[in-house]
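The structure file input.cif is reproduced below (mmCIF, C-alpha atoms).
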```
data_data
#
loop_
_atom_site.label_atom_id
_atom_site.label_comp_id
_atom_site.auth_asym_id
_atom_site.auth_seq_id
_atom_site.Cartn_x
_atom_site.Cartn_y
_atom_site.Cartn_z
CA MET A 1 -29.70 -24.07 1.64
CA LYS A 2 -28.03 -27.02 -0.08
CA LYS A 3 -29.76 -28.04 -3.29
CA ALA A 4 -31.07 -31.52 -3.99
CA PRO A 5 -28.67 -33.60 -6.10
CA SER A 6 -30.98 -33.45 -9.15
CA GLU A 7 -31.66 -29.69 -8.97
CA GLU A 8 -30.17 -27.35 -11.56
CA LYS A 9 -27.79 -24.55 -10.60
CA GLN A 10 -27.32 -21.12 -12.12
CA ILE A 11 -23.93 -20.49 -13.73
CA LEU A 12 -22.46 -17.10 -14.66
CA TYR A 13 -19.39 -16.74 -16.87
CA PHE A 14 -17.37 -13.52 -17.09
CA ASP A 15 -16.05 -13.31 -20.66
CA CYS A 16 -13.48 -10.52 -20.30
CA PHE A 17 -12.38 -10.29 -23.95
CA SER A 18 -11.99 -6.50 -23.58
CA GLY A 19 -11.30 -6.34 -19.87
CA VAL A 20 -13.38 -5.83 -16.74
CA SER A 21 -14.26 -2.91 -14.47
CA GLY A 22 -16.91 -2.16 -11.88
CA ASP A 23 -19.18 -0.19 -14.22
CA MET A 24 -18.83 -2.85 -16.94
CA ILE A 25 -20.04 -5.51 -14.48
CA LEU A 26 -23.09 -3.43 -13.55
CA GLY A 27 -23.85 -2.66 -17.20
CA ALA A 28 -23.57 -6.32 -18.22
CA ALA A 29 -25.84 -7.41 -15.34
CA LEU A 30 -28.47 -4.86 -16.40
CA ASP A 31 -28.14 -5.95 -20.02
CA LEU A 32 -28.57 -9.53 -18.85
CA GLY A 33 -32.00 -8.67 -17.46
CA LEU A 34 -31.39 -7.37 -13.94
CA GLY A 35 -33.99 -4.71 -13.11
CA LEU A 36 -32.56 -1.24 -12.52
CA PRO A 37 -35.28 -0.23 -9.99
CA GLU A 38 -34.63 -3.40 -7.97
CA LEU A 39 -30.88 -2.72 -7.96
CA ARG A 40 -31.41 0.90 -6.93
CA GLU A 41 -33.67 -0.13 -4.07
CA MET A 42 -31.10 -2.57 -2.65
CA LEU A 43 -28.30 0.02 -2.88
CA SER A 44 -30.40 2.75 -1.26
CA SER A 45 -29.63 1.30 2.18
CA LEU A 46 -26.04 2.55 1.87
CA THR A 47 -25.56 5.75 3.89
CA LEU A 48 -24.20 7.65 0.90
CA SER A 49 -25.68 10.93 -0.26
CA ASP A 50 -26.02 12.71 -3.58
CA TRP A 51 -25.68 9.81 -6.00
CA ARG A 52 -27.87 8.31 -8.71
CA LEU A 53 -27.50 5.10 -10.72
CA ASP A 54 -28.69 5.18 -14.32
CA SER A 55 -28.10 3.26 -17.53
CA GLU A 56 -28.13 3.81 -21.27
CA LYS A 57 -28.04 1.66 -24.37
CA VAL A 58 -24.85 2.01 -26.42
CA SER A 59 -23.30 0.46 -29.52
CA ARG A 60 -19.59 -0.35 -29.73
CA GLY A 61 -18.07 -1.94 -32.82
CA GLY A 62 -21.49 -2.95 -34.09
CA ILE A 63 -22.53 -4.66 -30.83
CA ALA A 64 -25.32 -3.30 -28.66
CA GLY A 65 -24.96 -3.27 -24.90
CA THR A 66 -25.69 -1.34 -21.71
CA ARG A 67 -23.58 1.25 -19.96
CA ALA A 68 -24.13 1.79 -16.23
CA ILE A 69 -23.52 5.34 -15.01
CA VAL A 70 -23.19 6.50 -11.42
CA TYR A 71 -23.83 10.24 -11.08
CA VAL A 72 -22.21 11.74 -7.98
CA ASP A 73 -22.54 15.31 -6.67
CA GLU A 74 -19.16 15.33 -4.94
CA ALA A 75 -16.70 18.04 -5.89
CA LYS A 76 -13.86 16.19 -4.18
CA PRO A 77 -14.33 12.49 -3.33
CA PRO A 78 -13.30 11.68 0.26
CA GLN A 79 -10.37 9.39 0.98
CA ARG A 80 -12.01 6.58 2.92
CA ASN A 81 -9.90 3.95 4.65
CA LEU A 82 -10.81 0.29 4.95
CA PRO A 83 -12.36 0.50 8.48
CA ALA A 84 -14.58 3.38 7.31
CA ILE A 85 -15.82 1.46 4.28
CA LEU A 86 -16.41 -1.73 6.27
CA ALA A 87 -18.37 0.29 8.86
CA LEU A 88 -20.46 1.81 6.06
CA LEU A 89 -21.28 -1.67 4.74
CA LYS A 90 -22.13 -2.97 8.20
CA GLU A 91 -24.55 -0.11 8.83
CA ALA A 92 -26.41 -0.79 5.58
CA ASP A 93 -29.46 -3.05 5.53
CA LEU A 94 -27.95 -5.60 3.14
CA PRO A 95 -28.52 -9.37 2.96
CA ASP A 96 -25.63 -11.35 4.43
CA ALA A 97 -24.51 -12.66 1.01
CA ILE A 98 -24.15 -9.11 -0.38
CA TYR A 99 -22.37 -7.86 2.74
CA GLU A 100 -19.92 -10.77 2.77
CA ARG A 101 -19.05 -10.49 -0.92
CA SER A 102 -18.63 -6.71 -0.73
CA THR A 103 -16.38 -6.83 2.34
CA ALA A 104 -14.30 -9.58 0.73
CA VAL A 105 -13.73 -7.39 -2.35
CA PHE A 106 -12.67 -4.39 -0.28
CA ASN A 107 -10.38 -6.52 1.90
CA ARG A 108 -8.71 -7.87 -1.25
CA LEU A 109 -8.25 -4.34 -2.58
CA ALA A 110 -6.80 -3.14 0.72
CA LYS A 111 -4.36 -6.05 0.86
CA ALA A 112 -3.14 -5.23 -2.66
CA GLU A 113 -2.73 -1.52 -1.91
CA SER A 114 -0.92 -2.40 1.31
CA ALA A 115 1.59 -4.53 -0.60
CA VAL A 116 2.11 -1.91 -3.34
CA HIS A 117 2.66 1.00 -0.94
CA ASN A 118 4.28 -1.00 1.89
CA ILE A 119 1.89 0.22 4.59
CA PRO A 120 -0.38 -1.66 7.05
CA VAL A 121 -3.75 -2.70 5.67
CA GLU A 122 -5.74 -0.67 8.21
CA LYS A 123 -3.84 2.50 7.17
CA VAL A 124 -4.59 2.14 3.47
CA HIS A 125 -6.56 5.14 2.24
CA PHE A 126 -8.59 4.42 -0.88
CA HIS A 127 -8.71 7.22 -3.40
CA GLU A 128 -10.63 6.31 -6.55
CA VAL A 129 -11.88 3.08 -4.94
CA GLY A 130 -13.14 4.94 -1.87
CA ALA A 131 -15.28 7.26 -3.95
CA VAL A 132 -19.05 6.86 -4.04
CA ASP A 133 -19.16 5.54 -7.62
CA ALA A 134 -16.63 2.80 -6.84
CA ILE A 135 -18.53 1.77 -3.70
CA ILE A 136 -21.73 1.57 -5.75
CA ASP A 137 -19.87 -0.50 -8.38
CA ILE A 138 -18.60 -3.04 -5.85
CA VAL A 139 -21.74 -3.35 -3.74
CA GLY A 140 -23.77 -3.25 -6.95
CA ALA A 141 -21.82 -6.17 -8.41
CA SER A 142 -22.40 -8.19 -5.23
CA THR A 143 -26.09 -7.25 -5.32
CA ALA A 144 -26.38 -8.27 -8.98
CA ILE A 145 -25.06 -11.76 -8.20
CA TYR A 146 -27.56 -12.01 -5.35
CA LEU A 147 -30.56 -10.80 -7.36
CA LEU A 148 -29.72 -12.97 -10.37
CA ASN A 149 -29.62 -15.97 -7.98
CA ILE A 150 -26.23 -17.15 -9.25
CA ASP A 151 -24.81 -20.34 -7.74
CA GLU A 152 -21.36 -20.53 -9.37
CA ILE A 153 -19.18 -18.01 -11.20
CA TYR A 154 -16.35 -18.66 -13.65
CA CYS A 155 -14.13 -16.23 -15.52
CA SER A 156 -12.01 -16.15 -18.67
CA PRO A 157 -8.29 -15.30 -18.62
CA LEU A 158 -7.84 -11.53 -18.37
CA PRO A 159 -6.32 -9.24 -21.02
CA ALA A 160 -3.35 -7.16 -19.88
CA GLY A 161 -2.91 -4.00 -21.93
CA ARG A 162 0.13 -1.74 -21.92
CA GLY A 163 0.53 2.00 -21.48
CA THR A 164 -0.10 4.38 -18.59
CA VAL A 165 -3.09 5.70 -16.65
CA LYS A 166 -3.53 8.88 -14.59
CA ALA A 167 -4.49 8.06 -10.99
CA ALA A 168 -4.54 9.78 -7.59
CA HIS A 169 -0.92 8.71 -7.06
CA GLY A 170 0.14 10.13 -10.44
CA ILE A 171 0.94 8.39 -13.71
CA LEU A 172 0.94 4.60 -13.29
CA PRO A 173 1.97 1.83 -15.71
CA LEU A 174 -0.64 -0.58 -17.05
CA PRO A 175 -1.72 -2.95 -15.75
CA SER A 176 -1.69 -0.88 -12.57
CA PRO A 177 0.45 -2.15 -9.66
CA ALA A 178 -2.64 -2.84 -7.53
CA THR A 179 -4.29 -4.78 -10.37
CA LEU A 180 -1.21 -6.96 -10.85
CA GLU A 181 -0.96 -7.59 -7.11
CA ILE A 182 -4.59 -8.75 -7.03
CA LEU A 183 -4.18 -11.03 -10.05
CA ALA A 184 -0.96 -12.50 -8.65
CA GLY A 185 -2.76 -13.35 -5.42
CA ARG A 186 -5.06 -15.75 -7.31
CA GLY A 187 -2.57 -16.85 -9.97
CA VAL A 188 -4.91 -15.51 -12.67
CA PRO A 189 -3.87 -16.32 -16.27
CA VAL A 190 -3.40 -13.16 -18.38
CA GLU A 191 -3.13 -12.52 -22.10
CA GLY A 192 -1.00 -9.65 -23.40
CA LYS A 193 -2.86 -7.06 -25.51
CA GLU A 194 -1.45 -4.03 -27.34
CA THR A 195 -3.85 -1.33 -26.14
CA ASP A 196 -3.52 2.22 -24.89
CA PHE A 197 -6.26 2.12 -22.25
CA GLU A 198 -6.84 0.39 -18.90
CA MET A 199 -8.55 -2.91 -19.68
CA VAL A 200 -8.62 -4.37 -16.14
CA THR A 201 -9.14 -1.95 -13.27
CA PRO A 202 -8.27 -2.75 -9.65
CA THR A 203 -12.00 -2.81 -8.87
CA GLY A 204 -12.74 -5.21 -11.73
CA ALA A 205 -9.81 -7.43 -10.78
CA ALA A 206 -10.87 -7.53 -7.12
CA VAL A 207 -14.46 -8.45 -8.01
CA VAL A 208 -13.66 -11.31 -10.38
CA THR A 209 -10.90 -12.76 -8.19
CA THR A 210 -13.32 -12.73 -5.25
CA PHE A 211 -16.33 -14.13 -7.13
CA ALA A 212 -14.88 -16.64 -9.61
CA LYS A 213 -14.22 -20.28 -8.75
CA SER A 214 -11.64 -20.57 -11.53
CA PHE A 215 -10.24 -18.84 -14.61
CA GLY A 216 -10.29 -20.63 -17.93
CA PRO A 217 -12.43 -21.53 -20.95
CA LEU A 218 -16.21 -21.47 -20.96
CA PRO A 219 -17.48 -24.37 -18.78
CA SER A 220 -20.15 -26.80 -19.95
CA PHE A 221 -23.67 -25.52 -19.30
CA ASN A 222 -26.87 -24.60 -21.13
CA ILE A 223 -26.77 -20.92 -22.11
CA GLU A 224 -29.91 -18.92 -21.33
CA ALA A 225 -28.94 -15.25 -21.60
CA VAL A 226 -26.04 -12.99 -22.58
CA GLY A 227 -25.40 -9.43 -21.41
CA TYR A 228 -22.91 -6.84 -22.65
CA GLY A 229 -21.61 -4.15 -20.27
CA ALA A 230 -19.86 -1.18 -21.87
CA GLY A 231 -16.76 0.45 -20.49
CA SER A 232 -16.68 4.23 -20.07
CA TYR A 233 -14.02 4.55 -22.79
CA ASP A 234 -14.91 4.03 -26.44
CA PRO A 235 -11.80 2.89 -28.38
CA GLY A 236 -13.78 2.28 -31.56
CA SER A 237 -13.89 -1.47 -30.92
CA PRO A 238 -16.33 -3.62 -28.88
CA ASN A 239 -15.18 -2.51 -25.41
CA PHE A 240 -17.55 -4.74 -23.46
CA LEU A 241 -17.62 -7.23 -20.64
CA ARG A 242 -19.79 -10.17 -21.69
CA LEU A 243 -21.74 -12.05 -19.02
CA ILE A 244 -23.07 -15.45 -20.05
CA LYS A 245 -25.74 -16.98 -17.82
CA GLY A 246 -27.12 -20.50 -17.92
CA ARG A 247 -27.95 -23.66 -16.04
CA CYS A 248 -26.43 -27.05 -15.49
CA LEU A 249 -27.44 -30.09 -13.46
CA GLU A 250 -26.26 -29.93 -9.87
CA THR A 251 -23.76 -32.70 -9.18
CA ASN A 252 -21.79 -33.82 -6.19
CA THR A 253 -18.52 -32.93 -7.87
CA PHE A 254 -16.39 -29.81 -7.80
CA GLU A 255 -13.98 -28.46 -10.39
CA GLU A 256 -10.71 -26.57 -10.52
CA ASP A 257 -8.14 -25.67 -13.15
CA VAL A 258 -4.77 -27.42 -13.08
CA ASP A 259 -1.68 -26.97 -15.23
CA VAL A 260 -0.21 -29.95 -17.08
CA ILE A 261 3.53 -29.53 -17.66
CA GLU A 262 5.25 -32.14 -19.84
CA SER A 263 8.61 -32.86 -21.38
CA ASN A 264 10.18 -35.80 -23.24
CA ILE A 265 13.66 -36.54 -21.86
CA ASP A 266 16.09 -39.03 -23.39
CA ASP A 267 19.44 -38.01 -21.90
CA LEU A 268 19.00 -37.93 -18.12
CA SER A 269 20.25 -40.46 -15.59
CA PRO A 270 17.39 -42.46 -14.04
CA GLU A 271 18.77 -41.64 -10.59
CA VAL A 272 17.80 -37.99 -11.05
CA PHE A 273 14.11 -38.66 -11.64
CA GLY A 274 13.42 -39.76 -8.06
CA TYR A 275 15.03 -36.62 -6.67
CA LEU A 276 13.16 -34.51 -9.23
CA MET A 277 9.84 -35.98 -8.09
CA GLU A 278 10.58 -35.17 -4.45
CA ARG A 279 11.43 -31.55 -5.30
CA LEU A 280 8.33 -31.08 -7.41
CA PHE A 281 6.01 -32.44 -4.72
CA ALA A 282 7.69 -30.22 -2.12
CA ALA A 283 7.06 -27.21 -4.42
CA GLY A 284 3.32 -27.88 -4.58
CA ALA A 285 2.85 -30.33 -7.45
CA LEU A 286 -0.41 -32.26 -7.23
CA ASP A 287 0.97 -35.27 -9.10
CA VAL A 288 4.18 -36.29 -10.87
CA TYR A 289 4.58 -39.35 -13.07
CA PHE A 290 6.91 -40.83 -15.66
CA THR A 291 5.89 -42.65 -18.82
CA PRO A 292 8.35 -44.78 -20.85
CA ILE A 293 8.30 -43.70 -24.51
CA GLN A 294 10.27 -44.30 -27.72
CA MET A 295 11.63 -41.19 -29.40
CA LYS A 296 13.35 -40.42 -32.69
CA LYS A 297 16.31 -42.61 -33.69
CA ASN A 298 14.67 -45.35 -31.57
CA ARG A 299 15.88 -43.82 -28.34
CA PRO A 300 14.13 -45.00 -25.16
CA ALA A 301 13.05 -41.98 -23.14
CA VAL A 302 10.82 -40.79 -20.33
CA LYS A 303 7.86 -38.45 -20.65
CA LEU A 304 7.70 -36.32 -17.51
CA THR A 305 4.19 -35.15 -16.56
CA VAL A 306 3.55 -32.73 -13.71
CA LEU A 307 0.12 -31.60 -12.52
CA GLY A 308 0.05 -28.44 -10.45
CA PRO A 309 -1.99 -25.38 -9.43
CA PRO A 310 -1.65 -22.48 -11.91
CA ALA A 311 -0.25 -20.32 -9.10
CA GLN A 312 2.73 -22.70 -8.75
CA ARG A 313 3.48 -22.91 -12.48
CA GLN A 314 6.58 -20.71 -12.50
CA LYS A 315 8.13 -22.51 -9.52
CA LEU A 316 7.51 -25.97 -11.00
CA GLN A 317 8.89 -24.93 -14.40
CA ALA A 318 12.04 -23.54 -12.80
CA ILE A 319 12.68 -26.80 -10.93
CA ILE A 320 12.32 -28.87 -14.12
CA PHE A 321 14.75 -26.65 -16.03
CA THR A 322 17.21 -26.68 -13.11
CA GLU A 323 17.14 -30.40 -12.33
CA THR A 324 16.83 -31.94 -15.82
CA THR A 325 18.48 -31.67 -19.22
CA THR A 326 15.33 -30.59 -21.06
CA LEU A 327 15.38 -27.44 -23.19
CA GLY A 328 11.61 -27.03 -23.47
CA LEU A 329 8.28 -27.78 -21.86
CA ARG A 330 4.70 -28.25 -23.04
CA LEU A 331 2.01 -26.50 -21.02
CA ALA A 332 -1.77 -26.88 -21.00
CA THR A 333 -4.46 -25.87 -18.54
CA VAL A 334 -7.18 -28.48 -18.00
CA ARG A 335 -10.30 -28.73 -15.86
CA LYS A 336 -10.08 -31.23 -13.03
CA ILE A 337 -13.40 -32.71 -11.84
CA MET A 338 -13.42 -34.33 -8.42
CA LEU A 339 -15.73 -35.94 -5.93
CA PRO A 340 -15.75 -34.24 -2.51
CA ARG A 341 -13.30 -35.88 -0.14
CA GLU A 342 -13.29 -36.30 3.61
CA THR A 343 -11.01 -38.06 6.07
CA LYS A 344 -12.08 -40.27 8.97
CA VAL A 345 -9.77 -41.77 11.59
CA VAL A 346 -10.39 -45.32 12.81
CA GLU A 347 -8.63 -46.79 15.83
CA SER A 348 -6.82 -50.12 15.68
CA ARG A 349 -4.99 -52.00 18.49
CA TRP A 350 -1.72 -50.50 17.25
CA GLY A 351 -2.82 -46.93 16.59
CA PRO A 352 -4.96 -44.68 14.36
CA ILE A 353 -5.48 -45.21 10.62
CA ARG A 354 -6.76 -42.40 8.42
CA ILE A 355 -9.34 -43.31 5.76
CA LYS A 356 -9.95 -40.99 2.81
CA TYR A 357 -13.48 -41.34 1.45
CA SER A 358 -16.16 -39.71 -0.69
CA ALA A 359 -19.81 -39.50 0.34
CA GLU A 360 -22.55 -39.20 -2.28
CA GLY A 361 -25.80 -38.80 -0.41
CA LYS A 362 -28.14 -40.88 1.71
CA SER A 363 -28.87 -43.61 -0.82
CA ALA A 364 -25.16 -44.36 -1.24
CA PRO A 365 -23.40 -42.81 1.78
CA VAL A 366 -19.87 -43.82 0.73
CA SER A 367 -18.91 -44.50 -2.88
CA HIS A 368 -15.12 -44.63 -2.61
CA PHE A 369 -12.72 -45.05 0.28
CA ALA A 370 -9.09 -45.95 0.80
CA PRO A 371 -6.84 -46.28 3.86
CA GLU A 372 -3.79 -44.01 3.98
CA TYR A 373 -0.73 -45.94 2.83
CA GLU A 374 1.67 -44.41 5.38
CA ASP A 375 -0.60 -45.26 8.33
CA CYS A 376 -1.01 -48.84 7.15
CA CYS A 377 2.74 -49.25 6.75
CA LYS A 378 3.28 -48.01 10.28
CA ILE A 379 0.70 -50.46 11.68
CA ALA A 380 2.23 -53.32 9.66
CA SER A 381 5.64 -52.53 11.11
CA LEU A 382 4.33 -52.33 14.69
CA SER A 383 2.09 -55.40 14.53
CA GLY A 384 4.11 -57.69 12.28
CA LEU A 385 1.01 -58.22 10.12
CA PRO A 386 1.31 -58.29 6.31
CA LEU A 387 0.45 -54.95 4.72
CA LEU A 388 -2.51 -56.43 2.81
CA GLU A 389 -3.98 -57.73 6.07
CA VAL A 390 -3.64 -54.26 7.62
CA TYR A 391 -5.54 -52.85 4.65
CA ARG A 392 -8.34 -55.39 5.21
CA LEU A 393 -8.41 -54.52 8.93
CA ALA A 394 -8.65 -50.79 8.16
CA GLU A 395 -11.50 -51.37 5.69
CA HIS A 396 -13.35 -53.51 8.25
CA LEU A 397 -12.97 -50.87 10.98
CA PHE A 398 -14.13 -48.14 8.60
CA HIS A 399 -17.17 -50.14 7.48
CA ASN A 400 -18.15 -50.68 11.13
CA SER A 401 -17.71 -46.99 11.92
CA ILE A 402 -20.12 -45.84 9.22
CA THR A 403 -22.74 -48.57 9.72
CA GLY A 404 -22.68 -48.45 13.50
CA ASN A 405 -21.94 -52.18 13.83
#
```
Would it be possible to restate this file's structure as structure tokens?
Amino acid sequence: MKKAPSEEKQILYFDCFSGVSGDMILGAALDLGLGLPELREMLSSLTLSDWRLDSEKVSRGGIAGTRAIVYVDEAKPPQRNLPAILALLKEADLPDAIYERSTAVFNRLAKAESAVHNIPVEKVHFHEVGAVDAIIDIVGASTAIYLLNIDEIYCSPLPAGRGTVKAAHGILPLPSPATLEILAGRGVPVEGKETDFEMVTPTGAAVVTTFAKSFGPLPSFNIEAVGYGAGSYDPGSPNFLRLIKGRCLETNTFEEDVDVIESNIDDLSPEVFGYLMERLFAAGALDVYFTPIQMKKNRPAVKLTVLGPPAQRQKLQAIIFTETTTLGLRLATVRKIMLPRETKVVESRWGPIRIKYSAEGKSAPVSHFAPEYEDCCKIASLSGLPLLEVYRLAEHLFHNSITGN
């Protein structure tokens, strides 16, 4: 059910300063206040036998937290494939939200394993992830979000340790190939860490990339509770996932992270800038603009600014280095806040005109709207009308379409 514009929403932030795994997520949720009996009851609908979920209080590096433990009486965990796991989830008596999140996580894992091993998704056999404890971790994480009544989830950049880990396929480098494949699929920002243990597991990576709206700094909200979930390994430092829960006022905006790439250029022919802009837009840039500036030795120059999705960062950087004379770039990730946008088509005597607009509720149905420039130019060319008059015509037609006049 959509909330009223003035209603508050629950925010959950994954602070992965020491990594993230399935058991860390469960432990942090329990430490945050989730009831263990309630979680057990929801998970009991899974047709899995001989398992028990428990928890214990632990201290790591002087910080107290909760460790979630799944006890399994399986001498040799079965190798379940994706169809088998999805069938298991479908048979369980789970709310739709839990079922959908859980299946999305397993589909993401299967896609990553498929890419790593070069086999079809339906033929991927999960080893560690198909075991009972991993299924409990994933469905448990989805259940925790449901029971905590979380509306939006955000996540910090993820730490990427180095070393090796022993897995069903043998000795693997860290981060594991499946973990990297999952993170690459969302363009997740990572921070290199010199560690000798697995900080981000494939399960943890799949959960946060499925749940989180974006990856970046802590968003603005009123903090209400903090939970610490311990990893199974104790390196002698605070090996925890920190979950931060709070509230903020529900608004009609949505947010996403964008990269800002900039460079000051004083030795490039102006003719190149137009071509550069075309290439950057074709590569996925959200906006490109040039600002006249004065540099050292009183040289007139141009500041190039490119806005783009984090996933396209490498491609956009490569184009700038290839097409310009710059030797360096400045990079920052910022939060972009936007009103929801929709497009409506109005019909004129000479053809359709698209109108981009934003609606903000019943009291003010449309707050902003603008005809598409290309459509107006086409109508101006066909009709012989001045472009400004076409704009006025489009606005009139749009106003009539939303008022019913």
Within 10 Å of stretch 19-32 of chain A, which residues of stretch 68-155 of chain A show up? Give each one with its shortest atom-to-atom distance in Å (one decimal) and the two atoms involved, counting only C-alpha atoms, rows by chain then rising residue number, as CSV.
```
residue,atom,partner,partner_atom,distance
A:Ala68,CA,A:Gly27,CA,4.6
A:Ile69,CA,A:Asp23,CA,7.1
A:Val70,CA,A:Asp23,CA,8.3
A:Asp133,CA,A:Asp23,CA,8.7
A:Ala134,CA,A:Gly22,CA,7.1
A:Ile135,CA,A:Gly22,CA,9.2
A:Ile136,CA,A:Gly22,CA,8.6
A:Asp137,CA,A:Gly22,CA,4.9
A:Ile138,CA,A:Gly22,CA,6.3
A:Val139,CA,A:Gly22,CA,9.5
A:Gly140,CA,A:Leu26,CA,6.6
A:Ala141,CA,A:Leu26,CA,6.0
A:Ser142,CA,A:Leu26,CA,9.6
A:Thr143,CA,A:Leu26,CA,9.6
A:Ala144,CA,A:Ala29,CA,6.4
A:Ile145,CA,A:Ala29,CA,8.4
A:Leu147,CA,A:Ala29,CA,9.9
A:Leu148,CA,A:Ala29,CA,8.4
```
Produce a table with one row for each residue of stretch 155-261 of chain A that has an atom at most 6 Å from any atom of stretch 335-343 of chain A, each row naming the nearest atom pair and its distance in Å at one decimal; use only C-alpha atoms; arrange rows by chain and rising residue number; format as CSV.
```
residue,atom,partner,partner_atom,distance
A:Thr253,CA,A:Leu339,CA,4.5
A:Phe254,CA,A:Met338,CA,5.4
A:Glu255,CA,A:Ile337,CA,4.5
A:Glu256,CA,A:Lys336,CA,5.3
A:Asp257,CA,A:Arg335,CA,4.6
```
I want to know what sits within 7 Å of stretch 232-238 of chain A, based on all atoms listed in the file, with residues of the same chain fewer than 6 positions away left out; could you give that as an mmCIF file with C-alpha atoms, keeping the file's coordinate frame?
```
data_model
loop_
_atom_site.group_PDB
_atom_site.id
_atom_site.type_symbol
_atom_site.label_atom_id
_atom_site.label_comp_id
_atom_site.auth_asym_id
_atom_site.auth_seq_id
_atom_site.Cartn_x
_atom_site.Cartn_y
_atom_site.Cartn_z
ATOM 1 C CA ARG A 60 -19.590 -0.350 -29.730
ATOM 2 C CA GLY A 61 -18.070 -1.940 -32.820
ATOM 3 C CA ILE A 63 -22.530 -4.660 -30.830
#
```
Margin query: If the PyMOL selection byres ((chain A and resi 395-400) around 10) were run on this exact file, what residues would it hold? Put them as a VMD selection string.
Written below: chain A and resid 344 to 348 353 to 355 357 366 369 to 371 389 to 394 401 to 405
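Among the candidate residues A:Glu372, A:Ala184, A:Lys356, A:Ile293, the one lying nearest to A:Gln314 is A:Ala184, with distances computed using all atoms listed in the file.
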What separates atom CA of A:Ile319 and atom CA of A:Ala178 is a distance of 28.6 Å
Give the padded box for stretch 51-69 of chain A as lines of an AutoDock Vina configuration file: axis-aligned, covering all atoms listed in the file, 6 Å on each side, centre and edge lengths in Å to one decimal.
```
center_x = -23.4
center_y = 2.6
center_z = -20.0
size_x = 22.6
size_y = 26.5
size_z = 40.1
```
Counting all atoms listed in the file, closest pick from A:Leu180, A:Thr324, A:Leu316, A:Phe290 relative to A:Asp267 is A:Thr324
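Within the file as shown, the PyMOL selection byres ((chain A and resi 185) around 12) identifies Arg108, Leu109, Lys111, Ala112, Ala115, Ala178, Thr179, Leu180, Glu181, Ile182, Leu183, Ala184, Arg186, Gly187, Val188, Pro189, Ala205, Ala206, Thr209, Thr210, Pro310, Ala311 and Gln312 of chain A.
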Selected residues, C-alpha atoms, written as a PDB file, in the frame of the given file, please.
```
ATOM      1  CA  ARG A 108      -8.710  -7.870  -1.250  1.00  0.00           C
ATOM      2  CA  LEU A 109      -8.250  -4.340  -2.580  1.00  0.00           C
ATOM      3  CA  LYS A 111      -4.360  -6.050   0.860  1.00  0.00           C
ATOM      4  CA  ALA A 112      -3.140  -5.230  -2.660  1.00  0.00           C
ATOM      5  CA  ALA A 115       1.590  -4.530  -0.600  1.00  0.00           C
ATOM      6  CA  ALA A 178      -2.640  -2.840  -7.530  1.00  0.00           C
ATOM      7  CA  THR A 179      -4.290  -4.780 -10.370  1.00  0.00           C
ATOM      8  CA  LEU A 180      -1.210  -6.960 -10.850  1.00  0.00           C
ATOM      9  CA  GLU A 181      -0.960  -7.590  -7.110  1.00  0.00           C
ATOM     10  CA  ILE A 182      -4.590  -8.750  -7.030  1.00  0.00           C
ATOM     11  CA  LEU A 183      -4.180 -11.030 -10.050  1.00  0.00           C
ATOM     12  CA  ALA A 184      -0.960 -12.500  -8.650  1.00  0.00           C
ATOM     13  CA  ARG A 186      -5.060 -15.750  -7.310  1.00  0.00           C
ATOM     14  CA  GLY A 187      -2.570 -16.850  -9.970  1.00  0.00           C
ATOM     15  CA  VAL A 188      -4.910 -15.510 -12.670  1.00  0.00           C
ATOM     16  CA  PRO A 189      -3.870 -16.320 -16.270  1.00  0.00           C
ATOM     17  CA  ALA A 205      -9.810  -7.430 -10.780  1.00  0.00           C
ATOM     18  CA  ALA A 206     -10.870  -7.530  -7.120  1.00  0.00           C
ATOM     19  CA  THR A 209     -10.900 -12.760  -8.190  1.00  0.00           C
ATOM     20  CA  THR A 210     -13.320 -12.730  -5.250  1.00  0.00           C
ATOM     21  CA  PRO A 310      -1.650 -22.480 -11.910  1.00  0.00           C
ATOM     22  CA  ALA A 311      -0.250 -20.320  -9.100  1.00  0.00           C
ATOM     23  CA  GLN A 312       2.730 -22.700  -8.750  1.00  0.00           C
TER      24      GLN A 312
END
```
Closest of A:Phe281, A:Ile265, A:Asn107, A:Tyr99 to A:Lys296, counting all atoms listed in the file, is A:Ile265
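Proximity ranking of A:Glu38, A:Ser18, A:Trp350, A:Gln317 relative to A:Glu194 places A:Ser18 first, based on only C-alpha atoms.
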A straight line from atom CA of A:Gly216 to atom CA of A:Pro309 spans 12.8 Å
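Closest approach to A:Ser44 from the set A:Glu323, A:Glu191, A:Asp266, A:Asp93 is made by A:Asp93, with distances taken over all atoms listed in the file.
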Skip A:Val260 itself and residues of its chain fewer than 6 positions away, then list as a compact mmCIF listing (two decimals) with C-alpha atoms, in the coordinates of the input all residues within 12 Å of it, counting all atoms listed in the file.
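What follows is the written file selection_37.txt:
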```txt
# COMPACT_ATOMS: atom_id res chain seq x y z
CA ALA A 285 2.85 -30.33 -7.45
CA LEU A 286 -0.41 -32.26 -7.23
CA ASP A 287 0.97 -35.27 -9.10
CA VAL A 288 4.18 -36.29 -10.87
CA TYR A 289 4.58 -39.35 -13.07
CA LEU A 304 7.70 -36.32 -17.51
CA THR A 305 4.19 -35.15 -16.56
CA VAL A 306 3.55 -32.73 -13.71
CA LEU A 307 0.12 -31.60 -12.52
CA GLY A 308 0.05 -28.44 -10.45
CA PRO A 309 -1.99 -25.38 -9.43
CA PRO A 310 -1.65 -22.48 -11.91
CA GLN A 312 2.73 -22.70 -8.75
CA ARG A 313 3.48 -22.91 -12.48
CA LEU A 316 7.51 -25.97 -11.00
CA GLN A 317 8.89 -24.93 -14.40
CA LEU A 329 8.28 -27.78 -21.86
CA ARG A 330 4.70 -28.25 -23.04
CA LEU A 331 2.01 -26.50 -21.02
CA ALA A 332 -1.77 -26.88 -21.00
CA THR A 333 -4.46 -25.87 -18.54
CA VAL A 334 -7.18 -28.48 -18.00
CA ARG A 335 -10.30 -28.73 -15.86
CA LYS A 336 -10.08 -31.23 -13.03
```
